[in-house]
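Below is one structure, written out as structure tokens, with a few remarks after it.
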Amino acid sequence: MSRKEAKDGVTVEEQEPLLDSKRADLSGRACLIWKNIWVRTKSGRDLLKGISGVAVPGEVVALMGASGAGKTTLLNTLLQRNLKGLTVEGEILVNGQSVGKSVTNVSAYVQQEDIFVGTLTVREHLMIQARLRLPSSFSAKQRVARVEEVMRDMMLDGSQNSRIGVPGIIKGISGGEMKRLAFATEILSNPPILFCDEPTTGLDSYMAMVVVKRLEAMAAEQGKTIICTIHQPSSEVFELFDRVVFLSQGRVAFHGATDEAIYFFSDCGHLIPDHTNPADFYIDTLAIWPGKFDKHRYNEALQQKIEIGRTPRKLVSRRGANYLQVFIGLFVRYVKDNMRNPSIMRAKLVQKVVMGLFLGSLYFRPINDQDGIANLKGALFYYLAEVTYATIFGIQTYLPSDFPLLTREYHDKIYPVSAYFIARVLSYMPIFSIDGMILVVISYFMLDLPASAARFFRILFTVVLVEWNVSSLGVCICSVAPNYAVAVSVTGPVLTVFSMTGGLFTNVGAMPSYIGWVQYLSWFRYGYESLVISNWDYPKYDNISCTIKKGKELAPFCMHNGTEVIEDLFLFLQSLSFSVHNMYFNWVVMLCFTLFIYCIGYCGLVFRAIRNR
Ligand SMILES: Nc1ncnc2c1ncn2[C@@H]1O[C@H](COP(=O)(O)OP(=O)(O)OP(=O)(O)O)[C@@H](O)[C@H]1O
């Protein structure tokens with residue numbers, strides 16, 4: 001874009017096309033215009049009042065203005081996001097075409113808040129993002145090459161093997177590196193338009209300068225159209241922008257080249273004092289006189305640009321990765337995250353070793369009298385309780401924190417919710433199977449359970465199935481509940497009800513019919529019945545003495561063998577159709593429940609993700 005000096009010393013752009021036809025055909029370029037945008041709240045308040053503007057390839061446009069001027073509202077309107085409860089009128093065109101919400105296909109959005117999976121390294125994060133964002137036609141080699149290119153572009157080579165970290169929780173890369181990583185992530189797929197919300201917030205002046213210089217270089221070298229909101233830039237940073245849009249009270253107070261601002265303000269009788277930060281001066285001045293720009297010749301030039309920008313040109317949408325590729329990317333991401341999360345991996349496995357040893361030591365005696373029977377009944381129920389509480393609260397501690405990243409990437413059209421959901425569930429599956437197995441393996445012989453491979457595997461599989469059932473409920477509640485606090489508040493009572501109706505604590509056969517149905521939802525019921533059948537229906541327990549308290553007293557009610565124990569338990573549960581034939585039926589029921597509960601969770605998550613745009 002060439003400029004010439006006008007007679008009055010004002011620099012104006014020559015009337016050349018915004019995009020010549022050759023450049024437009026280079027498909028990677030996009031010209032964005034917005035015309036006569038009105039944004040209104042339900043109560044009738046106008047947040048944006050007929051705003052128009054243009055952003056062209058090769059330029060960085062800064063949206064500035066005092067707090068509450070409407071910068072974020074304009075950015076959201078251009079991006080078609082966060083507009084709940086607002087009505088929007090006006091025209092938004094990319095290369096002369098109205099794209100609506102599909103603006104996502106030709107743009108990337110670097111949001112103010114950086115959200116990453118903090119356990120990954122910079123390189124791992126970008127490799128996974130390359131899998132998620134680059135077309136499936138890219139080979140592994142090409143993905144590596146692209147990642148290395150953006151790391152070089154964003155000067156992240158030095159920190160590529162550092163963990164990203166979570167500010168205030170896990171020490172990781174610096175704030176500046178995190179911001180550059182956010183840019184690197186968004187430019188991987190080489191979008192023609194880049195929106196940035198406050199890209200320098202939280203950075204020191206040097207880092208802010210580095211970030212804006214990178215933006216400037218990307219615009220100049222790659223022909224990107226870059227639009228950022230920015231708050232109080234230093235003079236040096238301000239001068240780096242090609243074009244500034246000053247907003248005041250929902251109107252455009254100035255829209256033009258950065259170096260034209262000084263002439264516009266002096267035309268309006270506001271000469272910038274020496275040693276003053278121009279951005280601060282302009283914003284302070286704007287607050288008191290919105291509306292002057294409408295009559296100024298710079299506005300006429302702007303309107304002409306907008307008209308030229310309306311001419312339809314070719315626009316190539318981003319092609320994404322296929323389903324399998326994004327699924328693999330997400331699965332790798334969450335497996336790595338789980339493996340590196342000490343509370344999920346190490347703490348859980350150590351906990352199960354400790355609890356297995358504790359349980360085995362507590363009931364470490366042969367099952368040869370009535371005390372042994374009572375102990376073993378409790379120990380079998382404890383298996384279910386241990387895999388229930390630790391699993392569900394373990395999932396609920398971490399899963400809700402996935403939601404912000406999920407909604408962001410979902411609305412960026414990087415993957416569908418189903419790919420995330422399946423990958424997340426499958427990443428949890430090995431952990432929430434192995435820990436139950438550890439519990440059983442460690443305590444099995446200490447509890448004097450049947451020395452039979454078939455019995456061992458039946459008990460093991462029953463415990464694992466219960467754990468899968470519990471995991472599905474944990475994931476489901478987190479997917480449906482609006483936040484962690486609600487999820488935990490709902491879970492506590494649900495677990496109490498299910499454990500109470502599981503068969504050990506309550507004579508469920510005598511429960512009133514209006515509440516009795518609850519037991520049919522409880523994995524405690526199905527799991528306990530299968531454990532009872534697997535264990536007690538075994539010849540080992542054929543010769544049990546009627547004594548209690550280490551052979552000193554005779555028990556008032558005596559069970560002489562495992563069959564009598566089963567009969568006694570099933571008598572207690574008689575009207576529940578507990579039966580020795582239910583072993584495999586219970587497994588099928590628990591599997592079906594697991595799948596059904598996951599389906600409910602998935603639907604709830606999709607609903608929440610869609611609403612969160
Ligand atoms: N959804 C909404 N409903 C009602 N009012 C809103 C909504 N969104 C924004 N506003 C109001 O619109 C005005 C402009 O807000 P906006 O966030 O766009 O300002 P901003 O220039 O980005 O300010 P800041 O620099 O403080 O972020 C504010 O007065 C804000 O309270």
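Residues in the structure tokens are named by chain (A, B, ... in the order shown) and by number from 1 within that chain; ligands are numbered from 1 in the order shown.
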
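Across stretch 123-209 of chain A, DSSP run on the backbone finds strand (DSSP E or B) at Arg163, Val166, Ile170, Ile193, Leu194, Phe195, Cys196 and Asp197 of chain A.
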
Could you list, as a list in words, all the residues within 8 Å of ligand 1, counting only C-alpha atoms and all ligand atoms? Thr41, Lys42, Arg45, Leu47, Leu48, Met64, Gly65, Ala66, Ser67, Gly68, Ala69, Gly70, Lys71, Thr72, Thr73, Leu74, Asn82, Leu83, Lys84, Gly85, Leu86, Thr229, His231, Leu247, Gln249 and Gly250 of chain A

Keeping only N, CA and C atoms, take the residues you just selected and write them out as a short mmCIF file (atom, residue, chain, number, x, y, z; two decimals), in the first residue's frame.
data_model
loop_
_atom_site.label_atom_id
_atom_site.label_comp_id
_atom_site.auth_asym_id
_atom_site.auth_seq_id
_atom_site.Cartn_x
_atom_site.Cartn_y
_atom_site.Cartn_z
N THR A 41 -28.41 -4.59 23.51
CA THR A 41 -28.77 -5.54 24.57
C THR A 41 -30.29 -5.72 24.58
N LYS A 42 -30.73 -6.73 25.34
CA LYS A 42 -32.18 -6.97 25.43
C LYS A 42 -32.90 -5.77 26.02
N ARG A 45 -30.07 -1.18 25.23
CA ARG A 45 -28.86 -0.34 25.25
C ARG A 45 -27.99 -0.68 24.04
N LEU A 47 -24.59 -1.07 22.39
CA LEU A 47 -23.18 -1.21 22.76
C LEU A 47 -22.28 -0.75 21.62
N LEU A 48 -22.69 -1.05 20.38
CA LEU A 48 -21.97 -0.54 19.21
C LEU A 48 -22.99 0.21 18.36
N MET A 64 -8.50 0.14 19.83
CA MET A 64 -8.17 0.78 21.11
C MET A 64 -9.33 1.63 21.59
N GLY A 65 -9.27 1.99 22.84
CA GLY A 65 -10.31 2.84 23.41
C GLY A 65 -10.31 2.66 24.92
N ALA A 66 -11.01 3.56 25.59
CA ALA A 66 -11.07 3.47 27.05
C ALA A 66 -11.83 2.21 27.44
N SER A 67 -11.73 1.87 28.71
CA SER A 67 -12.46 0.70 29.20
C SER A 67 -13.96 0.90 28.97
N GLY A 68 -14.61 -0.11 28.42
CA GLY A 68 -16.06 -0.02 28.17
C GLY A 68 -16.40 0.61 26.84
N ALA A 69 -15.37 0.94 26.02
CA ALA A 69 -15.63 1.61 24.74
C ALA A 69 -16.29 0.68 23.72
N GLY A 70 -16.09 -0.62 23.89
CA GLY A 70 -16.73 -1.57 22.97
C GLY A 70 -15.75 -2.41 22.16
N LYS A 71 -14.48 -2.44 22.55
CA LYS A 71 -13.46 -3.18 21.78
C LYS A 71 -13.78 -4.68 21.75
N THR A 72 -14.02 -5.24 22.95
CA THR A 72 -14.28 -6.68 23.02
C THR A 72 -15.58 -7.01 22.31
N THR A 73 -16.57 -6.13 22.45
CA THR A 73 -17.85 -6.38 21.78
C THR A 73 -17.64 -6.41 20.27
N LEU A 74 -16.82 -5.50 19.74
CA LEU A 74 -16.58 -5.50 18.30
C LEU A 74 -15.84 -6.78 17.89
N ASN A 82 -19.69 -15.18 21.82
CA ASN A 82 -20.08 -14.53 23.08
C ASN A 82 -21.13 -13.44 22.87
N LEU A 83 -22.11 -13.74 22.06
CA LEU A 83 -23.11 -12.71 21.76
C LEU A 83 -24.46 -13.05 22.39
N LYS A 84 -24.42 -13.91 23.40
CA LYS A 84 -25.68 -14.33 24.03
C LYS A 84 -26.42 -13.11 24.58
N GLY A 85 -27.68 -12.99 24.27
CA GLY A 85 -28.49 -11.90 24.81
C GLY A 85 -28.31 -10.59 24.05
N LEU A 86 -27.55 -10.60 22.96
CA LEU A 86 -27.35 -9.36 22.20
C LEU A 86 -27.91 -9.54 20.79
N THR A 229 -7.21 -6.31 19.89
CA THR A 229 -7.58 -5.28 20.85
C THR A 229 -6.33 -5.05 21.69
N HIS A 231 -4.55 -2.67 25.06
CA HIS A 231 -4.78 -1.80 26.21
C HIS A 231 -3.49 -1.07 26.52
N LEU A 247 -12.11 3.49 19.51
CA LEU A 247 -13.54 3.47 19.79
C LEU A 247 -13.81 4.34 21.00
N GLN A 249 -17.35 5.15 23.38
CA GLN A 249 -18.78 5.00 23.65
C GLN A 249 -19.52 4.29 22.51
N GLY A 250 -18.93 3.24 22.02
CA GLY A 250 -19.59 2.42 21.00
C GLY A 250 -19.54 2.99 19.60
#

Separating atom CA of A:His125 from atom CA of A:Val212, to the nearest tenth of an Å, is a gap of 22.8 Å

Rank A:Tyr282, A:Phe265, A:Phe138, A:Tyr389 by their smallest atom-to-atom distance to A:Thr491, using only C-alpha atoms, and report the top residue only.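 Checking each candidate against A:Thr491, we get A:Tyr389 as the closest.
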
Contacts of A:Val353 within 8 Å, only C-alpha atoms, excl. fewer than 3 positions in-chain, as a list of chain:residue names: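 Once the adjacent positions are removed, what remains is A:Leu349, A:Val350, A:Gly356, A:Leu357, A:Ile438, A:Leu439, A:Ile442.
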
Can those selected residues be exported to a file as a compact mmCIF listing (two decimals), in the first residue's frame so that it contains C-alpha atoms?
# COMPACT_ATOMS: atom_id res chain seq x y z
CA LEU A 349 -1.78 -46.65 42.29
CA VAL A 350 -0.02 -46.13 45.63
CA GLY A 356 -5.06 -53.64 49.37
CA LEU A 357 -2.45 -54.32 52.06
CA ILE A 438 -4.08 -53.96 42.05
CA LEU A 439 -6.49 -53.83 44.97
CA ILE A 442 -2.76 -57.64 46.59

Can you work out the spacing between atom CA of A:Thr185 and atom CA of A:Met429 in Å, to one decimal? 28.7 Å

Among listed residues A:Gln112, A:Ser137, A:Ser343, A:Asn299, nearest A:Arg408 (using only C-alpha atoms):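 Closest candidate: A:Gln112.
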
Using only C-alpha atoms, find each residue in stretch 566-610 of chain A having at least one atom no more than 10 Å away from stretch 447-461 of chain A; report its shortest atom-to-atom pair and that distance in Å (one decimal), rows by chain then rising number, as a tab-separated table.
residue	atom	partner	partner_atom	distance
A:Met583	CA	A:Arg458	CA	9.0
A:Tyr584	CA	A:Arg458	CA	9.6
A:Trp587	CA	A:Phe461	CA	8.7

Could you give me, as a ChimeraX atom specification, the residues within 10 Å of A:Asp267, counting only C-alpha atoms and dropping anything in the same chain fewer than 5 positions from it? /A:261-262,296

Which of A:Val237, A:Leu302, A:Ala257, A:Val61 sits closest to A:Lys224 [using only C-alpha atoms]: A:Val61

Which residues, written as a CSV table (one decimal) with C-alpha atoms, in the first residue's frame, have at least one atom at most 12 Å from A:Asp402, with only C-alpha atoms counted and residues fewer than 2 positions away on the same chain left out?
chain,number,residue,atom,x,y,z
A,115,ILE,CA,-5.3,-22.3,28.1
A,116,PHE,CA,-3.0,-25.3,27.6
A,117,VAL,CA,-2.5,-28.8,29.0
A,118,GLY,CA,0.2,-27.8,31.3
A,330,LEU,CA,-6.5,-36.0,21.6
A,333,ARG,CA,-2.7,-35.6,24.7
A,334,TYR,CA,-4.8,-37.1,27.5
A,337,ASP,CA,-1.5,-35.8,30.7
A,395,ILE,CA,-12.3,-38.1,37.9
A,396,GLN,CA,-14.2,-35.2,39.3
A,397,THR,CA,-11.1,-33.5,40.6
A,398,TYR,CA,-9.6,-33.2,37.1
A,399,LEU,CA,-12.3,-33.5,34.4
A,400,PRO,CA,-14.0,-30.2,34.9
A,404,PRO,CA,-12.6,-24.3,28.9
A,405,LEU,CA,-10.1,-25.8,26.5
A,406,LEU,CA,-12.7,-28.1,25.0
A,407,THR,CA,-15.2,-25.3,24.3
A,408,ARG,CA,-12.5,-23.1,22.9
A,409,GLU,CA,-11.2,-25.8,20.5
A,410,TYR,CA,-14.7,-27.0,19.7
A,417,VAL,CA,-17.1,-33.0,21.1
A,420,TYR,CA,-12.7,-35.4,22.8
A,421,PHE,CA,-15.2,-37.5,24.8
A,424,ARG,CA,-10.8,-38.8,27.3
A,475,VAL,CA,-17.6,-38.5,33.7
A,478,CYS,CA,-18.9,-33.7,35.2
A,479,SER,CA,-20.2,-33.4,31.7
A,483,ASN,CA,-19.1,-26.7,37.5
A,484,TYR,CA,-17.0,-28.8,40.0
A,605,LEU,CA,-21.5,-32.2,27.2
A,609,ALA,CA,-20.3,-26.9,24.7

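Minimum distance to A:Glu239 across A:His581, A:His560, A:His411, A:Lys213 (counting only C-alpha atoms) occurs at A:Lys213.
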
Hey, which of A:Asp274, A:Glu124, A:Glu91, A:Asp435 ends up closest to A:Leu78? Count only C-alpha atoms. A:Glu91

Shell around A:Thr285 at 10 Å using only C-alpha atoms, local window under 5 positions removed, as a list in words: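 With the cut-off at 10 Å, the set is Ala66, Ser248, Phe265, His270, Ile272, Ala279, Asp280 and Pro290 of chain A.
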
I need the residues from that last selection saved to file as a compact mmCIF listing (two decimals), in the first residue's frame (with C-alpha atoms), if you can.
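Saved as result00.txt:
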# COMPACT_ATOMS: atom_id res chain seq x y z
CA ALA A 66 -11.07 3.47 27.05
CA SER A 248 -15.39 5.73 22.13
CA PHE A 265 -6.15 14.94 16.38
CA HIS A 270 -5.63 18.47 20.07
CA ILE A 272 -0.05 15.89 21.38
CA ALA A 279 -1.92 5.99 22.78
CA ASP A 280 -2.69 7.30 26.29
CA PRO A 290 -16.90 11.00 20.23

I'd like the contact shell of A:Leu156 - 12 Å cut-off, only C-alpha atoms, skipping same-chain residues fewer than 5 positions apart - returned as a list in words. Thr121, Val122, Arg123, Leu126, Val147, Glu148, Glu149, Val150, Met151, Asn161, Ser162, Ile164, Ile173, Ser174, Gly176, Glu177, Met178, Lys179, Arg180, Leu181, Ala182, Phe183, Ala184 and Thr185 of chain A

Any chance you can output those residues with C-alpha atoms as a short mmCIF file (atom, residue, chain, number, x, y, z; two decimals), in the first residue's frame?
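Printed below is out_34.cif as written:
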data_model
loop_
_atom_site.label_atom_id
_atom_site.label_comp_id
_atom_site.auth_asym_id
_atom_site.auth_seq_id
_atom_site.Cartn_x
_atom_site.Cartn_y
_atom_site.Cartn_z
CA THR A 121 6.16 -29.71 26.75
CA VAL A 122 6.07 -26.90 24.19
CA ARG A 123 7.08 -29.26 21.39
CA LEU A 126 2.60 -28.15 19.07
CA VAL A 147 6.02 -27.26 13.95
CA GLU A 148 9.70 -26.42 13.67
CA GLU A 149 8.89 -23.53 11.39
CA VAL A 150 6.39 -21.95 13.79
CA MET A 151 8.71 -22.53 16.75
CA ASN A 161 11.46 -29.24 25.68
CA SER A 162 10.20 -27.32 28.70
CA ILE A 164 4.25 -25.53 29.65
CA ILE A 173 7.54 -21.51 30.69
CA SER A 174 7.41 -17.74 31.17
CA GLY A 176 5.96 -14.22 27.28
CA GLU A 177 6.74 -17.72 26.05
CA MET A 178 3.20 -18.79 26.86
CA LYS A 179 1.79 -15.94 24.79
CA ARG A 180 4.11 -16.79 21.90
CA LEU A 181 3.06 -20.42 22.22
CA ALA A 182 -0.58 -19.32 21.93
CA PHE A 183 0.33 -17.53 18.68
CA ALA A 184 2.35 -20.50 17.46
CA THR A 185 -0.66 -22.76 18.07
#
